[in-house]
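Structure record follows, encoded as structure tokens.
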Amino acid sequence: MAETELERFRAARVTAIYRLDLIAKGAQLTYDDGTPVDMASERARLEQVVADMDRRIARLELMAATPTGPLN
């Protein structure tokens, strides 16, 4: 189960990094009603998402490497 979750987080992280790259290249998103998204806020949000995913991935990798799981 942890491996599937790990794979899911890795894939989501790749997507978030791709979006950060698009923002760095000048992409401009809009909401359904045409209102522009504040790209500075979106960049900051995605950076936080990637940092959180990095922590979760590290924890899941540790759990996968530990035969009995982490100690409580």
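Chain lettering (A, B, ...) mirrors the order of the structure tokens, residue numbering begins at 1 for each chain separately, and ligand numbering begins at 1 in order of display.
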* range 20-28 of chain A environment, 10 Å, only C-alpha atoms, sequence neighbours closer than 2 positions dropped, as an NGL selection string -> :A and (14-18 or 30 or 36-40 or 42-47 or 50)
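Using only C-alpha atoms for every distance, the candidate list A:Leu29, A:Asp54, A:Pro67, A:Leu62 yields A:Asp54 as the residue closest to Phe9 in chain A.
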* Check the DSSP output for the backbone and give back, as a ChimeraX atom specification, the residues of chain A in alpha helix (DSSP H). => /A:2-24,39-65
* Give me, please, the distance in Å between CA of Ser41 in chain A and CA of Glu7 in chain A, quoted to one decimal. =>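 CA of Ser41 in chain A sits 27.2 Å away from CA of Glu7 in chain A.
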* Using only C-alpha atoms, which residues sit within 10 Å of Ile57 in chain A once same-chain residues fewer than 2 positions away are excluded, as an NGL selection string? -> :A and (2 or 5-10 or 13 or 51-55 or 59-63)
